[in-house]
Amino acid sequence: MADDRDETPAERADRRWSETLQEVRVAQTGAQILFGFLLSVAFTPRFAVLGPFDRVLYVVTVATGALATGTLIAPVAYHQLLAGHHLKPQLVRAAGHLVSVGIVLLALTVTFSVLLLLRVATSHWIAWPLTACVTGWFAICWLVLPMLLLRSKSGKAKT
């Protein structure tokens with residue numbers, strides 16, 4: 001894959017690391033705020049009247065939120081442990097994988113949160129199709145559109 005930049009491998013790793021950190025900051029903040037709100041739900045009066053399904057959904061949502069938060073913070077821990085060991089390209093690759101997993105976990109957390117909220121707020125079947133629409137929107141924005149852009153780029157490169 002050709003790159004139009006005139007940079008050394010070390011410069012490329014530094015640039016990609018900076019870009020990864022910027023991306024992580026956005027996702028990490030959202031995950032942490034959502035996780036904080038989820039933790040507070042158990043201390044509300046309404047939590048006591050949740051049915052068994054909604055309680056399990058809440059536990060799964062909190063667990064997924066914790067996993068998302070931990071996964072999105074992990075690149076910082078990697079960097080702290082590996083700094084000075086001349087492993088920046090490997091660090092960048094590992095952080096990229098962690099961010100991808102963290103984003104999937106964050107999408108699941110949002111999906112489960114929406115389902116829980118809509119089930120509690122509406123007590124109606126509409127919670128399921130609305131949650132499916134939200135999940136579909138995530139899939140379009142986070143997967144389909146980037147893949148279409150990538151496909152159009154590779155199609156132009158062949159001509």
# chains A, B, ... in the order shown; residues from 1 in each chain; ligands from 1
>>> residues_around(residues="Gly96 (chain A)", least_positions_apart="3", cutoff="12 Å", atoms="only C-alpha atoms", output="VMD selection string")
chain A and resid 13 16 to 24 71 to 72 74 to 76 78 89 to 93 99 to 103
>>> atom_distance(atom1="CA of Leu117 (chain A)", atom2="CA of Val60 (chain A)")
13.7 Å
>>> closest_atom_pairs(of="region 12-92 of chain A", to="region 119-131 of chain A", cutoff="10 Å", atoms="only C-alpha atoms", output="Markdown table")
| residue | atom | partner | partner_atom | distance |
| --- | --- | --- | --- | --- |
| A:Arg46 | CA | A:Val120 | CA | 9.0 |
| A:Phe47 | CA | A:Val120 | CA | 9.6 |
| A:Val49 | CA | A:Val120 | CA | 9.9 |
| A:Leu50 | CA | A:Val120 | CA | 7.9 |
| A:Gly51 | CA | A:Val120 | CA | 9.6 |
| A:Asp54 | CA | A:Arg119 | CA | 7.9 |
>>> closest_residue(among="A:Leu116, A:Ala42, A:Val110, A:Leu148", to="Thr135 (chain A)", atoms="only C-alpha atoms")
A:Val110
